[in-house]
2 protein chains.
Amino acid sequence: MIRNDPEPTLNDDAARAGWLYYVGGLTQDQIATELGVSRQRAQRLVSRAMAEGLIHVRLNHRIGNCLDLETRLTERFDLLRCRVAPSLGAGGDPVHSIAPSAATELERFLRMPEPQVIAFGTGRALRAMAELFNPTEAGHHRIVSLIGNIAPDGSATLYDVIRRVAEKLVAPYYPMPVPVISDTAEERAFYHHLRPVQAVVALVEQADVTFVGVGQMSDDAPLLVDGFVSREEMARFQRKGAAGEIASWVYDDNGQYIKSDRDAMVGALRIEPGRVQPVIGVAGGHGKTRAIRAALLGKILNGLVTDERTAAEILGMD
Amino acid sequence: MIRNDPEPTLNDDAARAGWLYYVGGLTQDQIATELGVSRQRAQRLVSRAMAEGLIHVRLNHRIGNCLDLETRLTERFDLLRCRVAPSLGAGGDPVHSIAPSAATELERFLRMPEPQVIAFGTGRALRAMAELFNPTEAGHHRIVSLIGNIAPDGSATLYDVIRRVAEKLVAPYYPMPVPVISDTAEERAFYHHLRPVQAVVALVEQADVTFVGVGQMSDDAPLLVDGFVSREEMARFQRKGAAGEIASWVYDDNGQYIKSDRDAMVGALRIEPGRVQPVIGVAGGHGKTRAIRAALLGKILNGLVTDERTAAEILGMD
DNA sequence: CCATTGTGTGAGCAATTACTCAGTAAGCGA
DNA sequence: TCGCTTACTGAGTAATTGCTCACACAATGG
C-alpha cells in the first residue's frame, strides 16, 4: 500500500501535532506556532491524533500487582504465556486496557524472524488489538482465520480481524471461506470438502500461535447477540451447564466441549484441548470470568491476556 | 523471582496513574479518588510516570518514522531546524517529497512579523520550493542571493529562485550582479569592489536565514552538468577528496572547504561554518547523502530539509 | 439560482493541569 | 537529643487545555 498523496496534510498534521505534544512535550500553543495554525486547530489536531488512534500509549513498567497475578495465573493453570493489564477506573471498558497488552503480545510473535502461521478467532478485544498493534515488516508470516467469514446475510466483512491484521502487515492471509454457521450438516460438509477450505484447515492445524476471544454464555452472549444461536439453542446450552464459548464451540465449567446438534453446522474450527503451541485467550470483564476460567481449566487455552480485575476474579474462584 | 513487597512501589503507583491518565483518559481528580490520594499527588504520579519513562508513546502513522529521523538528525548533528519528509514510492523523485516540506519551512520565516533577510542558494529542490510555497503578505522581508546571476553566456535568468520567491511575495530582492564564475581573479575582484555588489554582500552576511541546495561531486555533479567546472577541475577536486558543494564551494568528507585556484574566480559567497543563524540545506536523493552528511559534519549547514530515505542513509553512515 | 446541510473555524470561557511556595516529617550525624 | 538536610505534602495560583457557541464557506439538492 503505497500512498502518493500529493498534499502532505490531513492526518499527517494530526500525527505531527500529537507527536510534538506527547513525545516532544510542547504546549499546544507552541505546536500552533510550529505548524502555523491557530491554537484551537492545534488542539483539534492533537485530539484527532488520539481519536484516530495515531498515538499509542504503552506501559513500560510491570506493576507489581499485575506481575503477581500473572505469576499466580501461570502457576495455577500451567500457562505458556500470560499478560495482566492494569484495569482502568471503575467504569472503564476492560477491552481498552486489554487491547494494548494483547497488541504487545502479538508483536512478540510478529518480530520472530522465522515465518509464523498466526491464527485468529474473533471478538471485540481481538478487534481492538488489530487496530492497535504496531505493524513491522512482517510479510513472511501467514495470517489465518479460525472462523467462517460468510455471515448469515452473505456478506464477508463481518469479522475482519484477520483482514485488518494482514492489511497492516502486508502479509498473506487466509480467511475461512465457509459460512459462520451452515443451515444443514450437508452444507457444512460440502464446504469443508472444497480444496481451498481444506488448505486453510491444514494451515490452522499447524498454526504456531492462535489468538482467540472468549464468549460468555449468559443472556448477553455474543453468540446470541450476533444471531449465531437462537434463543432456544442458548437455553438448551445453558441447561447443559454451558460456561463459555471459543470460536463458537461451547464448553462447560470444566472446559469440556458440550455436544449438540449444532456441531455439524458450525463453520469454525474447534481448538482441541492440550495444544502444544500457544493458544492465547484475549478477553476480560466481569461477565467473562466464568468462561475464561473454564477454558483455562479445560486446557483449551494455554495463554491469556486479561485485565487486573478479571485476573483477580478468576483466581478468587478457587 | 517472587516479589513479596506488600506495599506497591512508588513507581507502581506512578505507572498505574499514568496508565489511567493516558490509556484510560481519566482526569487527575478521578485518578486521585481511584488511588485514594490527593489530586496533587495524582498529578505528581502522572508526571513521574512520564519523567521515568514508564509510559511509552508511539506514533502509529507513516510520519512517525520521519519525526524519529528528525530527532536523531537534530541530536547527531546539533541542528537548529530539521524536517524529514515521507519518501514517496520507490521510483519517486525525492525533490517532490522534499519541496513541500521546504516550502513549509520557508513559510515559517515568512510569517515572522519582524523583517527578515532571507538568502538563497540554488538547486533543483530549492527551485521547486519556490514554486510551491504559499505567498503570504510578506513585503517587509528582503530576499537576497548567494549566487552570481550572470551566467557564462551573459544572461541573468538562469538562477531565478530568488526572483520567483520575491515575485510571489512582492518583496524587494537583491540578486548578486556578478558572474557565477569569472574568467580571471581580476574580473571577480573588479565586480566585488562595486558598491551595489558590496551592499548585497553585506546583506547576505547579516541574513537571518539561508536556504541552499547541496550538490554532489560525483560524475553527475550539477556543477559539471551546468558547465561551471570543467571535467579536469572536477577530476582534480575528486582526487582531493571532494564530497560535495554548496553555492559552488567544494568541501571534503569532513565538511572542510577544499582550496583551489578556482576560489579566486567564484562569484558566489561562501557560507562559513558555524553560523549562528539558520543555514538550511534543502536536498535529498541517494547520490547526495555523502555531500549532505559532510556539510552537516563541517557545520556548514545547521538545518536540513530532506526525505525519509536520505535521512536514514545519512544516519546509517556512522 | 437559492436554500439547506454539514463541515470546519475562531472566540470566549470553564475545567483541568502544572508550578511555586511554605510548612512538616523523616533520616542522619554530632 | 538537637540541629541540619532532604524529601515530600497540600494550598494556592498561573498556565494550559477542552468545550460550546455562533458563524463562514462549500457542497448538495430542490
# chains A, B, ... in the order shown; residues from 1 in each chain; ligands from 1
call {"tool": "interface_residues", "arguments": {"of": "chain D", "to": "chain B", "cutoff": "12 Å", "atoms": "only C-alpha atoms (C1' of nucleotides)", "output": "list in words"}}
result
DC8, DT9, DG10, DA11 and DG12 of chain D
call {"tool": "closest_atom_pairs", "arguments": {"of": "chain B", "to": "chain C", "cutoff": "12 Å", "atoms": "only C-alpha atoms (C1' of nucleotides)", "output": "JSON lines"}}
result
{"residue": "B:Tyr21", "atom": "CA", "partner": "C:DT17", "partner_atom": "C1'", "distance": 12.0}
{"residue": "B:Leu26", "atom": "CA", "partner": "C:DT16", "partner_atom": "C1'", "distance": 11.3}
{"residue": "B:Thr27", "atom": "CA", "partner": "C:DT16", "partner_atom": "C1'", "distance": 7.8}
{"residue": "B:Gln28", "atom": "CA", "partner": "C:DT17", "partner_atom": "C1'", "distance": 8.2}
{"residue": "B:Asp29", "atom": "CA", "partner": "C:DT16", "partner_atom": "C1'", "distance": 9.0}
{"residue": "B:Gln30", "atom": "CA", "partner": "C:DT16", "partner_atom": "C1'", "distance": 11.5}
{"residue": "B:Arg39", "atom": "CA", "partner": "C:DT17", "partner_atom": "C1'", "distance": 10.3}
{"residue": "B:Gln40", "atom": "CA", "partner": "C:DT17", "partner_atom": "C1'", "distance": 9.7}
{"residue": "B:Ala42", "atom": "CA", "partner": "C:DT17", "partner_atom": "C1'", "distance": 10.9}
{"residue": "B:Gln43", "atom": "CA", "partner": "C:DT17", "partner_atom": "C1'", "distance": 7.8}
{"residue": "B:Arg44", "atom": "CA", "partner": "C:DA18", "partner_atom": "C1'", "distance": 9.4}
{"residue": "B:Val46", "atom": "CA", "partner": "C:DT17", "partner_atom": "C1'", "distance": 10.8}
{"residue": "B:Ser47", "atom": "CA", "partner": "C:DA18", "partner_atom": "C1'", "distance": 9.4}
call {"tool": "write_last_selection", "arguments": {"atoms": "N, CA, C and O atoms", "output": "short mmCIF file (atom, residue, chain, number, x, y, z; two decimals), in the first residue's frame"}}
result
data_model
loop_
_atom_site.label_atom_id
_atom_site.label_comp_id
_atom_site.auth_asym_id
_atom_site.auth_seq_id
_atom_site.Cartn_x
_atom_site.Cartn_y
_atom_site.Cartn_z
N TYR B 21 -4.34 7.69 33.29
CA TYR B 21 -4.42 9.00 32.67
C TYR B 21 -4.38 8.89 31.14
O TYR B 21 -5.25 9.39 30.44
N LEU B 26 -8.77 9.09 32.19
CA LEU B 26 -9.36 9.66 33.40
C LEU B 26 -8.73 11.02 33.69
O LEU B 26 -7.61 11.30 33.29
N THR B 27 -9.47 11.82 34.41
CA THR B 27 -8.92 13.08 34.86
C THR B 27 -8.11 12.82 36.14
O THR B 27 -8.28 11.81 36.81
N GLN B 28 -7.21 13.73 36.44
CA GLN B 28 -6.34 13.51 37.59
C GLN B 28 -7.14 13.45 38.87
O GLN B 28 -6.75 12.79 39.84
N ASP B 29 -8.26 14.16 38.90
CA ASP B 29 -9.15 14.09 40.05
C ASP B 29 -9.69 12.69 40.23
O ASP B 29 -9.68 12.14 41.33
N GLN B 30 -10.14 12.11 39.13
CA GLN B 30 -10.68 10.75 39.19
C GLN B 30 -9.60 9.76 39.62
O GLN B 30 -9.87 8.84 40.39
N ARG B 39 -5.30 15.09 44.90
CA ARG B 39 -5.20 15.42 43.50
C ARG B 39 -3.77 15.79 43.12
O ARG B 39 -3.27 15.41 42.07
N GLN B 40 -3.13 16.54 44.00
CA GLN B 40 -1.76 16.96 43.71
C GLN B 40 -0.84 15.74 43.58
O GLN B 40 0.04 15.70 42.74
N ALA B 42 -1.72 12.78 42.70
CA ALA B 42 -2.04 12.12 41.43
C ALA B 42 -1.30 12.82 40.30
O ALA B 42 -0.70 12.16 39.44
N GLN B 43 -1.32 14.13 40.34
CA GLN B 43 -0.61 14.88 39.29
C GLN B 43 0.87 14.53 39.29
O GLN B 43 1.47 14.30 38.25
N ARG B 44 1.43 14.46 40.50
CA ARG B 44 2.87 14.15 40.58
C ARG B 44 3.15 12.74 40.08
O ARG B 44 4.18 12.49 39.44
N VAL B 46 1.47 11.10 37.80
CA VAL B 46 1.38 11.08 36.35
C VAL B 46 2.65 11.67 35.74
O VAL B 46 3.23 11.11 34.81
N SER B 47 3.08 12.78 36.31
CA SER B 47 4.24 13.42 35.71
C SER B 47 5.49 12.57 35.94
O SER B 47 6.39 12.52 35.10
#
call {"tool": "residues_around", "arguments": {"residues": "Leu69 of chain B", "least_positions_apart": "2", "cutoff": "8 Å", "atoms": "only C-alpha atoms (C1' of nucleotides)", "output": "ChimeraX atom specification"}}
result
/B:65-67,71-73,84,308,311-312
call {"tool": "write_last_selection", "arguments": {"atoms": "N, CA, C and O atoms", "output": "short mmCIF file (atom, residue, chain, number, x, y, z; two decimals), in the first residue's frame"}}
result
data_model
loop_
_atom_site.label_atom_id
_atom_site.label_comp_id
_atom_site.auth_asym_id
_atom_site.auth_seq_id
_atom_site.Cartn_x
_atom_site.Cartn_y
_atom_site.Cartn_z
N ASN B 65 7.93 7.69 11.68
CA ASN B 65 9.31 7.41 11.34
C ASN B 65 10.07 8.69 10.99
O ASN B 65 11.22 8.88 11.37
N CYS B 66 9.41 9.56 10.28
CA CYS B 66 10.05 10.81 9.87
C CYS B 66 10.40 11.65 11.09
O CYS B 66 11.50 12.22 11.18
N LEU B 67 9.46 11.73 12.02
CA LEU B 67 9.71 12.53 13.21
C LEU B 67 10.88 11.95 13.99
O LEU B 67 11.71 12.68 14.53
N THR B 71 14.43 13.82 14.91
CA THR B 71 15.03 13.90 16.24
C THR B 71 16.47 13.41 16.21
O THR B 71 17.38 14.04 16.76
N ARG B 72 16.67 12.28 15.54
CA ARG B 72 18.02 11.70 15.54
C ARG B 72 19.00 12.59 14.78
O ARG B 72 20.14 12.78 15.23
N LEU B 73 18.56 13.13 13.66
CA LEU B 73 19.46 14.03 12.91
C LEU B 73 19.78 15.26 13.74
O LEU B 73 20.93 15.72 13.79
N VAL B 84 12.09 16.10 7.97
CA VAL B 84 12.22 14.91 7.14
C VAL B 84 10.85 14.60 6.53
O VAL B 84 9.90 14.35 7.26
N GLU B 308 12.83 10.97 3.81
CA GLU B 308 12.99 9.87 4.74
C GLU B 308 14.17 8.96 4.39
O GLU B 308 15.00 8.64 5.24
N ALA B 311 17.51 10.66 4.82
CA ALA B 311 17.80 10.83 6.25
C ALA B 311 18.32 9.53 6.85
O ALA B 311 19.31 9.51 7.58
N ALA B 312 17.65 8.44 6.50
CA ALA B 312 18.06 7.14 7.04
C ALA B 312 19.47 6.79 6.56
O ALA B 312 20.29 6.29 7.32
#
call {"tool": "atom_distance", "arguments": {"atom1": "atom CA of Ala291 of chain A", "atom2": "atom CA of Tyr174 of chain A"}}
result
27.9 Å
call {"tool": "select_by_dssp", "arguments": {"residues": "segment 221-260 of chain B", "states": "strand (DSSP E)", "output": "list in words"}}
result
Ala242, Ala243, Gly244, Glu245, Ile246, Trp249, Val250, Tyr251 and Asp252 of chain B
call {"tool": "interface_residues", "arguments": {"of": "chain A", "to": "chain B", "cutoff": "6 Å", "atoms": "only C-alpha atoms", "output": "mmCIF file with N, CA, C and O atoms, in the first residue's frame"}}
result
data_model
loop_
_atom_site.group_PDB
_atom_site.id
_atom_site.type_symbol
_atom_site.label_atom_id
_atom_site.label_comp_id
_atom_site.auth_asym_id
_atom_site.auth_seq_id
_atom_site.Cartn_x
_atom_site.Cartn_y
_atom_site.Cartn_z
ATOM 1 N N LEU A 54 -3.822 7.400 16.209
ATOM 2 C CA LEU A 54 -2.486 7.628 15.668
ATOM 3 C C LEU A 54 -1.433 7.547 16.764
ATOM 4 O O LEU A 54 -0.274 7.252 16.499
ATOM 5 N N ILE A 55 -1.866 7.817 17.960
ATOM 6 C CA ILE A 55 -0.952 7.813 19.098
ATOM 7 C C ILE A 55 -1.167 6.546 19.916
ATOM 8 O O ILE A 55 -2.290 6.230 20.275
ATOM 9 N N HIS A 56 -0.098 5.858 20.189
ATOM 10 C CA HIS A 56 -0.188 4.657 21.001
ATOM 11 C C HIS A 56 0.510 4.881 22.320
ATOM 12 O O HIS A 56 1.638 5.338 22.339
ATOM 13 N N VAL A 57 -0.176 4.525 23.372
ATOM 14 C CA VAL A 57 0.451 4.644 24.683
ATOM 15 C C VAL A 57 0.641 3.251 25.253
ATOM 16 O O VAL A 57 -0.289 2.451 25.270
ATOM 17 N N ARG A 58 1.830 2.968 25.685
ATOM 18 C CA ARG A 58 2.117 1.661 26.270
ATOM 19 C C ARG A 58 2.760 1.851 27.630
ATOM 20 O O ARG A 58 3.467 2.815 27.855
ATOM 21 N N LEU A 59 2.537 0.875 28.457
ATOM 22 C CA LEU A 59 3.121 0.920 29.785
ATOM 23 C C LEU A 59 4.436 0.153 29.768
ATOM 24 O O LEU A 59 4.496 -0.972 29.322
ATOM 25 N N ASN A 60 5.443 0.813 30.264
ATOM 26 C CA ASN A 60 6.769 0.208 30.246
ATOM 27 C C ASN A 60 7.171 -0.220 31.647
ATOM 28 O O ASN A 60 8.316 -0.132 32.029
ATOM 29 N N HIS A 61 6.215 -0.630 32.415
ATOM 30 C CA HIS A 61 6.530 -0.955 33.803
ATOM 31 C C HIS A 61 5.569 -2.030 34.235
ATOM 32 O O HIS A 61 4.364 -1.916 34.053
ATOM 33 N N ILE A 63 3.569 -3.377 36.739
ATOM 34 C CA ILE A 63 3.054 -3.057 38.052
ATOM 35 C C ILE A 63 3.068 -4.318 38.905
ATOM 36 O O ILE A 63 2.674 -5.392 38.453
ATOM 37 N N LEU A 88 -8.565 -0.092 34.155
ATOM 38 C CA LEU A 88 -8.855 1.332 34.183
ATOM 39 C C LEU A 88 -9.832 1.577 35.319
ATOM 40 O O LEU A 88 -10.145 0.681 36.086
#
call {"tool": "select_by_dssp", "arguments": {"residues": "segment 1-146 of chain B", "states": "alpha helix (DSSP H)", "output": "compact mmCIF listing (two decimals) with N, CA, C and O atoms, in the first residue's frame"}}
result
# COMPACT_ATOMS: atom_id res chain seq x y z
N LEU B 10 6.61 3.04 44.69
CA LEU B 10 6.26 4.37 44.22
C LEU B 10 6.02 4.34 42.73
O LEU B 10 5.04 4.88 42.22
N ASN B 11 6.92 3.65 42.03
CA ASN B 11 6.79 3.61 40.57
C ASN B 11 5.58 2.80 40.13
O ASN B 11 5.03 3.03 39.06
N ASP B 12 5.19 1.84 40.94
CA ASP B 12 3.96 1.11 40.62
C ASP B 12 2.80 2.07 40.56
O ASP B 12 2.01 2.06 39.62
N ASP B 13 2.70 2.88 41.60
CA ASP B 13 1.62 3.85 41.64
C ASP B 13 1.72 4.81 40.47
O ASP B 13 0.72 5.16 39.85
N ALA B 14 2.94 5.22 40.19
CA ALA B 14 3.14 6.17 39.09
C ALA B 14 2.69 5.52 37.78
O ALA B 14 1.96 6.13 37.00
N ALA B 15 3.10 4.28 37.57
CA ALA B 15 2.72 3.59 36.34
C ALA B 15 1.21 3.46 36.26
O ALA B 15 0.60 3.67 35.21
N ARG B 16 0.63 3.12 37.38
CA ARG B 16 -0.82 2.96 37.38
C ARG B 16 -1.51 4.29 37.09
O ARG B 16 -2.45 4.36 36.29
N ALA B 17 -1.03 5.34 37.72
CA ALA B 17 -1.62 6.66 37.49
C ALA B 17 -1.46 7.05 36.02
O ALA B 17 -2.40 7.53 35.38
N GLY B 18 -0.27 6.83 35.50
CA GLY B 18 -0.02 7.16 34.09
C GLY B 18 -0.91 6.36 33.17
O GLY B 18 -1.45 6.88 32.20
N GLN B 28 -7.21 13.73 36.44
CA GLN B 28 -6.34 13.51 37.59
C GLN B 28 -7.14 13.45 38.87
O GLN B 28 -6.75 12.79 39.84
N ASP B 29 -8.26 14.16 38.90
CA ASP B 29 -9.15 14.09 40.05
C ASP B 29 -9.69 12.69 40.23
O ASP B 29 -9.68 12.14 41.33
N GLN B 30 -10.14 12.11 39.13
CA GLN B 30 -10.68 10.75 39.19
C GLN B 30 -9.60 9.76 39.62
O GLN B 30 -9.87 8.84 40.39
N ILE B 31 -8.40 9.97 39.11
CA ILE B 31 -7.29 9.09 39.48
C ILE B 31 -7.03 9.19 40.97
O ILE B 31 -6.81 8.19 41.66
N ALA B 32 -7.07 10.42 41.47
CA ALA B 32 -6.83 10.64 42.89
C ALA B 32 -7.84 9.84 43.70
O ALA B 32 -7.47 9.14 44.66
N THR B 33 -9.10 9.91 43.30
CA THR B 33 -10.13 9.16 44.00
C THR B 33 -9.87 7.65 43.90
O THR B 33 -9.90 6.93 44.89
N GLU B 34 -9.57 7.23 42.68
CA GLU B 34 -9.32 5.82 42.40
C GLU B 34 -8.20 5.26 43.28
O GLU B 34 -8.32 4.18 43.84
N LEU B 35 -7.12 6.01 43.38
CA LEU B 35 -5.97 5.53 44.13
C LEU B 35 -6.02 5.97 45.60
O LEU B 35 -5.16 5.59 46.39
N ARG B 39 -5.30 15.09 44.90
CA ARG B 39 -5.20 15.42 43.50
C ARG B 39 -3.77 15.79 43.12
O ARG B 39 -3.27 15.41 42.07
N GLN B 40 -3.13 16.54 44.00
CA GLN B 40 -1.76 16.96 43.71
C GLN B 40 -0.84 15.74 43.58
O GLN B 40 0.04 15.70 42.74
N ARG B 41 -1.08 14.79 44.46
CA ARG B 41 -0.24 13.59 44.40
C ARG B 41 -0.48 12.85 43.08
O ARG B 41 0.46 12.36 42.45
N ALA B 42 -1.72 12.78 42.70
CA ALA B 42 -2.04 12.12 41.43
C ALA B 42 -1.30 12.82 40.30
O ALA B 42 -0.70 12.16 39.44
N GLN B 43 -1.32 14.13 40.34
CA GLN B 43 -0.61 14.88 39.29
C GLN B 43 0.87 14.53 39.29
O GLN B 43 1.47 14.30 38.25
N ARG B 44 1.43 14.46 40.50
CA ARG B 44 2.87 14.15 40.58
C ARG B 44 3.15 12.74 40.08
O ARG B 44 4.18 12.49 39.44
N LEU B 45 2.26 11.84 40.37
CA LEU B 45 2.46 10.46 39.90
C LEU B 45 2.43 10.41 38.38
O LEU B 45 3.29 9.77 37.76
N VAL B 46 1.47 11.10 37.80
CA VAL B 46 1.38 11.08 36.35
C VAL B 46 2.65 11.67 35.74
O VAL B 46 3.23 11.11 34.81
N SER B 47 3.08 12.78 36.31
CA SER B 47 4.24 13.42 35.71
C SER B 47 5.49 12.57 35.94
O SER B 47 6.39 12.52 35.10
N ARG B 48 5.52 11.87 37.08
CA ARG B 48 6.65 10.97 37.32
C ARG B 48 6.66 9.81 36.32
O ARG B 48 7.71 9.42 35.82
N ALA B 49 5.48 9.32 36.03
CA ALA B 49 5.38 8.21 35.07
C ALA B 49 6.02 8.61 33.74
O ALA B 49 6.73 7.83 33.11
N MET B 50 5.78 9.82 33.37
CA MET B 50 6.38 10.33 32.13
C MET B 50 7.89 10.50 32.27
O MET B 50 8.66 10.03 31.44
N ALA B 51 8.27 11.19 33.35
CA ALA B 51 9.69 11.50 33.54
C ALA B 51 10.53 10.23 33.63
O ALA B 51 11.64 10.16 33.10
N ARG B 62 2.62 6.77 9.27
CA ARG B 62 3.76 6.88 8.38
C ARG B 62 4.79 7.88 8.89
O ARG B 62 5.98 7.63 8.92
N ILE B 63 4.31 9.06 9.24
CA ILE B 63 5.27 10.10 9.53
C ILE B 63 5.92 9.93 10.90
O ILE B 63 6.81 10.69 11.25
N GLY B 64 5.48 8.94 11.66
CA GLY B 64 6.17 8.69 12.92
C GLY B 64 7.65 8.47 12.69
O GLY B 64 8.50 9.02 13.39
N ASN B 65 7.93 7.69 11.68
CA ASN B 65 9.31 7.41 11.34
C ASN B 65 10.07 8.69 10.99
O ASN B 65 11.22 8.88 11.37
N CYS B 66 9.41 9.56 10.28
CA CYS B 66 10.05 10.81 9.87
C CYS B 66 10.40 11.65 11.09
O CYS B 66 11.50 12.22 11.18
N LEU B 67 9.46 11.73 12.02
CA LEU B 67 9.71 12.53 13.21
C LEU B 67 10.88 11.95 13.99
O LEU B 67 11.71 12.68 14.53
N ASP B 68 10.91 10.63 14.00
CA ASP B 68 12.01 9.98 14.68
C ASP B 68 13.35 10.33 14.03
O ASP B 68 14.33 10.66 14.71
N LEU B 69 13.36 10.28 12.72
CA LEU B 69 14.59 10.62 12.00
C LEU B 69 14.98 12.08 12.26
O LEU B 69 16.16 12.40 12.41
N GLU B 70 13.98 12.94 12.31
CA GLU B 70 14.27 14.35 12.59
C GLU B 70 14.97 14.50 13.93
O GLU B 70 15.97 15.21 14.04
N THR B 71 14.43 13.82 14.91
CA THR B 71 15.03 13.90 16.24
C THR B 71 16.47 13.41 16.21
O THR B 71 17.38 14.04 16.76
N ARG B 72 16.67 12.28 15.54
CA ARG B 72 18.02 11.70 15.54
C ARG B 72 19.00 12.59 14.78
O ARG B 72 20.14 12.78 15.23
N LEU B 73 18.56 13.13 13.66
CA LEU B 73 19.46 14.03 12.91
C LEU B 73 19.78 15.26 13.74
O LEU B 73 20.93 15.72 13.79
N THR B 74 18.76 15.81 14.37
CA THR B 74 18.95 17.02 15.16
C THR B 74 19.98 16.79 16.26
O THR B 74 20.87 17.61 16.49
N GLU B 75 19.86 15.63 16.92
CA GLU B 75 20.80 15.35 18.00
C GLU B 75 22.19 15.04 17.46
O GLU B 75 23.19 15.53 17.98
N ARG B 76 22.23 14.25 16.44
CA ARG B 76 23.52 13.81 15.91
C ARG B 76 24.35 14.99 15.39
O ARG B 76 25.56 15.04 15.61
N PHE B 77 23.69 15.92 14.71
CA PHE B 77 24.44 16.99 14.05
C PHE B 77 24.17 18.35 14.67
O PHE B 77 24.58 19.38 14.12
N PRO B 94 12.98 12.37 -5.13
CA PRO B 94 12.98 12.93 -3.77
C PRO B 94 12.61 14.40 -3.75
O PRO B 94 12.04 14.87 -2.76
N VAL B 95 12.93 15.11 -4.80
CA VAL B 95 12.61 16.53 -4.83
C VAL B 95 11.11 16.75 -4.60
O VAL B 95 10.70 17.68 -3.91
N HIS B 96 10.30 15.88 -5.15
CA HIS B 96 8.86 16.05 -4.99
C HIS B 96 8.42 15.93 -3.55
O HIS B 96 7.44 16.54 -3.14
N SER B 97 9.10 15.09 -2.80
CA SER B 97 8.67 14.96 -1.41
C SER B 97 9.31 16.04 -0.55
O SER B 97 8.72 16.48 0.43
N ILE B 98 10.49 16.48 -0.94
CA ILE B 98 11.18 17.47 -0.12
C ILE B 98 10.60 18.86 -0.30
O ILE B 98 10.43 19.61 0.67
N ALA B 99 10.26 19.19 -1.53
CA ALA B 99 9.88 20.57 -1.82
C ALA B 99 8.72 21.08 -0.96
O ALA B 99 8.81 22.20 -0.44
N PRO B 100 7.66 20.29 -0.77
CA PRO B 100 6.57 20.81 0.06
C PRO B 100 7.02 21.11 1.50
O PRO B 100 6.62 22.11 2.08
N SER B 101 7.84 20.23 2.04
CA SER B 101 8.33 20.47 3.40
C SER B 101 9.21 21.71 3.45
O SER B 101 9.15 22.49 4.39
N ALA B 102 10.03 21.84 2.43
CA ALA B 102 10.89 23.02 2.37
C ALA B 102 10.04 24.28 2.28
O ALA B 102 10.33 25.30 2.94
N ALA B 103 8.97 24.19 1.51
CA ALA B 103 8.09 25.35 1.38
C ALA B 103 7.48 25.71 2.74
O ALA B 103 7.42 26.88 3.12
N THR B 104 7.06 24.68 3.46
CA THR B 104 6.51 24.92 4.80
C THR B 104 7.54 25.60 5.69
O THR B 104 7.23 26.51 6.46
N GLU B 105 8.76 25.12 5.55
CA GLU B 105 9.84 25.68 6.36
C GLU B 105 10.05 27.15 6.01
O GLU B 105 10.19 28.01 6.89
N LEU B 106 10.06 27.42 4.74
CA LEU B 106 10.23 28.81 4.30
C LEU B 106 9.09 29.68 4.84
O LEU B 106 9.31 30.79 5.33
N GLU B 107 7.89 29.14 4.77
CA GLU B 107 6.73 29.91 5.23
C GLU B 107 6.85 30.29 6.70
O GLU B 107 6.38 31.35 7.11
N ARG B 108 7.46 29.40 7.47
CA ARG B 108 7.68 29.71 8.89
C ARG B 108 8.36 31.06 9.04
O ARG B 108 7.99 31.87 9.89
N PHE B 109 9.39 31.28 8.21
CA PHE B 109 10.15 32.53 8.33
C PHE B 109 9.37 33.70 7.74
O PHE B 109 9.42 34.81 8.25
N LEU B 110 8.65 33.40 6.67
CA LEU B 110 7.88 34.48 6.04
C LEU B 110 6.79 35.00 6.97
O LEU B 110 6.43 36.17 6.90
N ARG B 124 17.78 22.31 -7.62
CA ARG B 124 16.50 21.87 -8.12
C ARG B 124 15.42 21.90 -7.03
O ARG B 124 14.30 22.36 -7.25
N ALA B 125 15.80 21.40 -5.86
CA ALA B 125 14.82 21.32 -4.78
C ALA B 125 14.39 22.72 -4.34
O ALA B 125 13.23 22.98 -4.06
N LEU B 126 15.35 23.62 -4.33
CA LEU B 126 15.08 25.00 -3.95
C LEU B 126 14.13 25.64 -4.95
O LEU B 126 13.21 26.38 -4.59
N ARG B 127 14.40 25.35 -6.20
CA ARG B 127 13.57 25.89 -7.26
C ARG B 127 12.13 25.38 -7.12
O ARG B 127 11.16 26.15 -7.21
N ALA B 128 12.01 24.09 -6.81
CA ALA B 128 10.68 23.51 -6.63
C ALA B 128 9.98 24.13 -5.42
O ALA B 128 8.78 24.41 -5.44
N MET B 129 10.76 24.38 -4.38
CA MET B 129 10.22 25.04 -3.20
C MET B 129 9.66 26.40 -3.56
O MET B 129 8.56 26.78 -3.13
N ALA B 130 10.40 27.14 -4.38
CA ALA B 130 9.98 28.48 -4.77
C ALA B 130 8.65 28.44 -5.50
O ALA B 130 7.82 29.35 -5.37
N GLU B 131 8.43 27.36 -6.24
CA GLU B 131 7.15 27.25 -6.92
C GLU B 131 6.01 26.95 -5.96
O GLU B 131 4.88 27.40 -6.13
N LEU B 132 6.34 26.15 -4.96
CA LEU B 132 5.28 25.58 -4.12
C LEU B 132 4.81 26.46 -2.97
O LEU B 132 3.67 26.37 -2.56
call {"tool": "atom_distance", "arguments": {"atom1": "atom CA of Leu301 of chain B", "atom2": "atom CA of Gly139 of chain B"}}
result
26.8 Å
call {"tool": "atom_distance", "arguments": {"atom1": "atom CA of Val279 of chain B", "atom2": "atom CA of Phe237 of chain B"}}
result
24.2 Å
